[in-house]
Amino acid sequence: MSTSSSRRPLSLSTSSSRRPLSLLEREEISRGLAEGLEQKQIAERIGRCPSIVSREIRRHGGRERYRAARANSVAAQTRRRPKARKLDRLPELRREVLARLGQGHSPDQIAGRLRRERGGGDPDQVISHEAVYTWIYALPKGELARHGVQLRSGRTSRKPRGRATTPGARIIGMRSIDDRPAEAAGRAVPGHWEGDLIIGRNGKTALGTLVERTSRFFLPVPLPGGKNATSVCDALITTVTDVPETLRRSLTWDQGTEMAQHQRLSLATDLDVYFAHPHSPWERGTNENTNRLLREYFPKGTDITTDPAYLQAVAGELNSRPRRILDYRTPAEVFTELLTSSIASTG
């Protein structure tokens, strides 16, 4: 009776992990499965890594349906080159990806959202973000623009980003982020916000930005009166009072002097205000990320509008983008769930 130990490995070459499986090796895999051997035993028999055998069986039908000839034929077809890219082969999927790129979604957001909407179905209905990037970068120069689309970053490589900071006047009565409740440091409890300003050309215009930490939901704060402390406080009061009390727990801001009237804000809205340490933008990372996204709409060196309708339209687009951190749900979807839960709990 034949056993796994009685057979000599078909190949013990040091390069065996890199070369494709042969038909003879696939036939040995098929025999091993018929004999009821474990995948590790089959791997020892043919002198291959167990992970190679495991992937081979999984790709071609599993233990019950694996057939050597069929697996060999499919593998040979897969290795053929040149190989058409998925978006070149599937026009409907290409139109869907282009439409979502046109809405400002990143390749990662597109891939994740398609998996969430269509996962487990036809593989021709989903795509990886790597495949989207590969297809984009393979296009002739200007082709993507001809479709009216461009990557949100507008560039092909990462660049260091950050902003110069200058020391400001001491804000009276500041409460440090170190004093913030433990629940605010996490994201399990909703209603904790982060805030900041983005500044327009020559510092003459500005926009206040509020982001809820759990849902990443963004609220714009128009500043028609400018970025002085009184105008900022008045604008924040107007915006925050529209948020249900159960979703008003705390606000974390940097130490900019525009928040000098934070105590008046807390009294008017019952919202506790905490301040991050100087030169520590990572302590408000959710807000920093949102401000980076807003620069797609308000590039540095341009004026920032105070038109509420336009700002709400921008907020609508950002809040409708699926996010990986939210399992490719949108901030609007998550915030709506939080709002519904808060109303139910108080009802």
# chains A, B, ... in the order shown; residues from 1 in each chain; ligands from 1

call {"tool": "residues_around", "arguments": {"residues": "A:Pro322", "least_positions_apart": "3", "cutoff": "7 Å", "atoms": "only C-alpha atoms", "output": "NGL selection string"}}
result
:A and (109 or 113 or 328-330)

call {"tool": "residues_around", "arguments": {"residues": "A:Lys204", "least_positions_apart": "6", "cutoff": "12 Å", "atoms": "only C-alpha atoms", "output": "list in words"}}
result
Ile198, Leu223, Pro224, Gly225, Gly226, Lys227, Asn228, Gly301, Thr302, Asp303, Ile304, Thr305 and Thr306 of chain A

call {"tool": "residues_around", "arguments": {"residues": "stretch 285-293 of chain A", "least_positions_apart": "2", "cutoff": "6 Å", "atoms": "only C-alpha atoms", "output": "ChimeraX atom specification"}}
result
/A:194,211,282-283,295-296

call {"tool": "atom_distance", "arguments": {"atom1": "atom CA of A:Glu96", "atom2": "atom CA of A:Val74"}}
result
28.3 Å

call {"tool": "closest_residue", "arguments": {"among": "A:Ile46, A:Val132, A:Leu93, A:Leu101", "to": "A:Arg31", "atoms": "only C-alpha atoms"}}
result
A:Ile46

call {"tool": "select_by_dssp", "arguments": {"residues": "stretch 31-161 of chain A", "states": "alpha helix (DSSP H)", "output": "ChimeraX atom specification"}}
result
/A:31-34,39-46,50-59,62-65,68-78,86-89,91-102,107-118,129-138,143-146

call {"tool": "decode", "arguments": {"residues": "stretch 198-270 of chain A", "atoms": "C-alpha atoms", "output": "PDB file, in the first residue's frame"}}
result
ATOM      1  CA  ILE A 198      -8.911  76.276   6.717  1.00  0.00           C
ATOM      2  CA  ILE A 199      -7.603  79.617   5.519  1.00  0.00           C
ATOM      3  CA  GLY A 200      -8.045  81.244   2.116  1.00  0.00           C
ATOM      4  CA  ARG A 201      -5.808  83.522   0.067  1.00  0.00           C
ATOM      5  CA  ASN A 202      -3.755  86.008   2.078  1.00  0.00           C
ATOM      6  CA  GLY A 203      -5.613  84.980   5.216  1.00  0.00           C
ATOM      7  CA  LYS A 204      -8.638  87.082   4.194  1.00  0.00           C
ATOM      8  CA  THR A 205     -11.211  84.277   4.082  1.00  0.00           C
ATOM      9  CA  ALA A 206     -11.691  81.137   6.153  1.00  0.00           C
ATOM     10  CA  LEU A 207     -13.983  78.185   6.775  1.00  0.00           C
ATOM     11  CA  GLY A 208     -14.651  76.428  10.052  1.00  0.00           C
ATOM     12  CA  THR A 209     -14.690  72.640   9.891  1.00  0.00           C
ATOM     13  CA  LEU A 210     -16.361  70.253  12.338  1.00  0.00           C
ATOM     14  CA  VAL A 211     -16.009  66.465  12.077  1.00  0.00           C
ATOM     15  CA  GLU A 212     -17.745  63.864  14.257  1.00  0.00           C
ATOM     16  CA  ARG A 213     -15.151  61.284  15.336  1.00  0.00           C
ATOM     17  CA  THR A 214     -17.256  58.109  15.133  1.00  0.00           C
ATOM     18  CA  SER A 215     -18.916  58.676  11.747  1.00  0.00           C
ATOM     19  CA  ARG A 216     -16.409  61.125  10.159  1.00  0.00           C
ATOM     20  CA  PHE A 217     -19.463  63.284   9.349  1.00  0.00           C
ATOM     21  CA  PHE A 218     -18.445  66.803   8.281  1.00  0.00           C
ATOM     22  CA  LEU A 219     -20.250  70.057   9.092  1.00  0.00           C
ATOM     23  CA  PRO A 220     -19.097  73.294   7.402  1.00  0.00           C
ATOM     24  CA  VAL A 221     -19.061  76.482   9.463  1.00  0.00           C
ATOM     25  CA  PRO A 222     -19.345  79.572   7.206  1.00  0.00           C
ATOM     26  CA  LEU A 223     -17.445  82.594   8.500  1.00  0.00           C
ATOM     27  CA  PRO A 224     -18.880  85.693   6.778  1.00  0.00           C
ATOM     28  CA  GLY A 225     -17.564  87.841   9.619  1.00  0.00           C
ATOM     29  CA  GLY A 226     -14.006  86.597   9.285  1.00  0.00           C
ATOM     30  CA  LYS A 227     -11.845  84.416  11.529  1.00  0.00           C
ATOM     31  CA  ASN A 228     -11.676  86.611  14.617  1.00  0.00           C
ATOM     32  CA  ALA A 229     -12.708  85.005  17.914  1.00  0.00           C
ATOM     33  CA  THR A 230     -16.161  86.641  18.084  1.00  0.00           C
ATOM     34  CA  SER A 231     -17.161  85.667  14.542  1.00  0.00           C
ATOM     35  CA  VAL A 232     -15.890  82.118  14.957  1.00  0.00           C
ATOM     36  CA  CYS A 233     -17.736  81.667  18.241  1.00  0.00           C
ATOM     37  CA  ASP A 234     -21.002  83.040  16.805  1.00  0.00           C
ATOM     38  CA  ALA A 235     -20.742  80.794  13.737  1.00  0.00           C
ATOM     39  CA  LEU A 236     -19.989  77.702  15.830  1.00  0.00           C
ATOM     40  CA  ILE A 237     -22.959  78.387  18.102  1.00  0.00           C
ATOM     41  CA  THR A 238     -25.239  78.638  15.065  1.00  0.00           C
ATOM     42  CA  THR A 239     -23.949  75.367  13.613  1.00  0.00           C
ATOM     43  CA  VAL A 240     -23.705  73.344  16.818  1.00  0.00           C
ATOM     44  CA  THR A 241     -27.186  74.196  18.101  1.00  0.00           C
ATOM     45  CA  ASP A 242     -28.631  72.357  15.076  1.00  0.00           C
ATOM     46  CA  VAL A 243     -26.990  69.128  16.293  1.00  0.00           C
ATOM     47  CA  PRO A 244     -29.109  67.013  18.702  1.00  0.00           C
ATOM     48  CA  GLU A 245     -27.973  67.313  22.318  1.00  0.00           C
ATOM     49  CA  THR A 246     -27.155  63.586  22.521  1.00  0.00           C
ATOM     50  CA  LEU A 247     -24.574  64.079  19.776  1.00  0.00           C
ATOM     51  CA  ARG A 248     -23.021  67.119  21.492  1.00  0.00           C
ATOM     52  CA  ARG A 249     -20.481  65.786  23.961  1.00  0.00           C
ATOM     53  CA  SER A 250     -17.133  67.472  23.314  1.00  0.00           C
ATOM     54  CA  LEU A 251     -15.124  69.478  20.811  1.00  0.00           C
ATOM     55  CA  THR A 252     -11.345  69.270  20.392  1.00  0.00           C
ATOM     56  CA  TRP A 253      -9.583  72.215  18.719  1.00  0.00           C
ATOM     57  CA  ASP A 254      -5.997  73.376  18.269  1.00  0.00           C
ATOM     58  CA  GLN A 255      -4.635  76.348  20.216  1.00  0.00           C
ATOM     59  CA  GLY A 256      -5.516  78.964  17.621  1.00  0.00           C
ATOM     60  CA  THR A 257      -6.629  82.296  19.057  1.00  0.00           C
ATOM     61  CA  GLU A 258      -9.874  82.089  17.066  1.00  0.00           C
ATOM     62  CA  MET A 259     -11.119  79.928  19.968  1.00  0.00           C
ATOM     63  CA  ALA A 260     -10.467  82.573  22.627  1.00  0.00           C
ATOM     64  CA  GLN A 261     -14.224  82.686  23.365  1.00  0.00           C
ATOM     65  CA  HIS A 262     -14.539  78.924  23.898  1.00  0.00           C
ATOM     66  CA  GLN A 263     -16.178  79.436  27.298  1.00  0.00           C
ATOM     67  CA  ARG A 264     -19.030  81.393  25.690  1.00  0.00           C
ATOM     68  CA  LEU A 265     -19.414  78.576  23.158  1.00  0.00           C
ATOM     69  CA  SER A 266     -19.639  75.976  25.943  1.00  0.00           C
ATOM     70  CA  LEU A 267     -22.235  77.998  27.854  1.00  0.00           C
ATOM     71  CA  ALA A 268     -24.406  78.505  24.764  1.00  0.00           C
ATOM     72  CA  THR A 269     -24.272  74.915  23.469  1.00  0.00           C
ATOM     73  CA  ASP A 270     -23.422  72.770  26.521  1.00  0.00           C
TER      74      ASP A 270
END
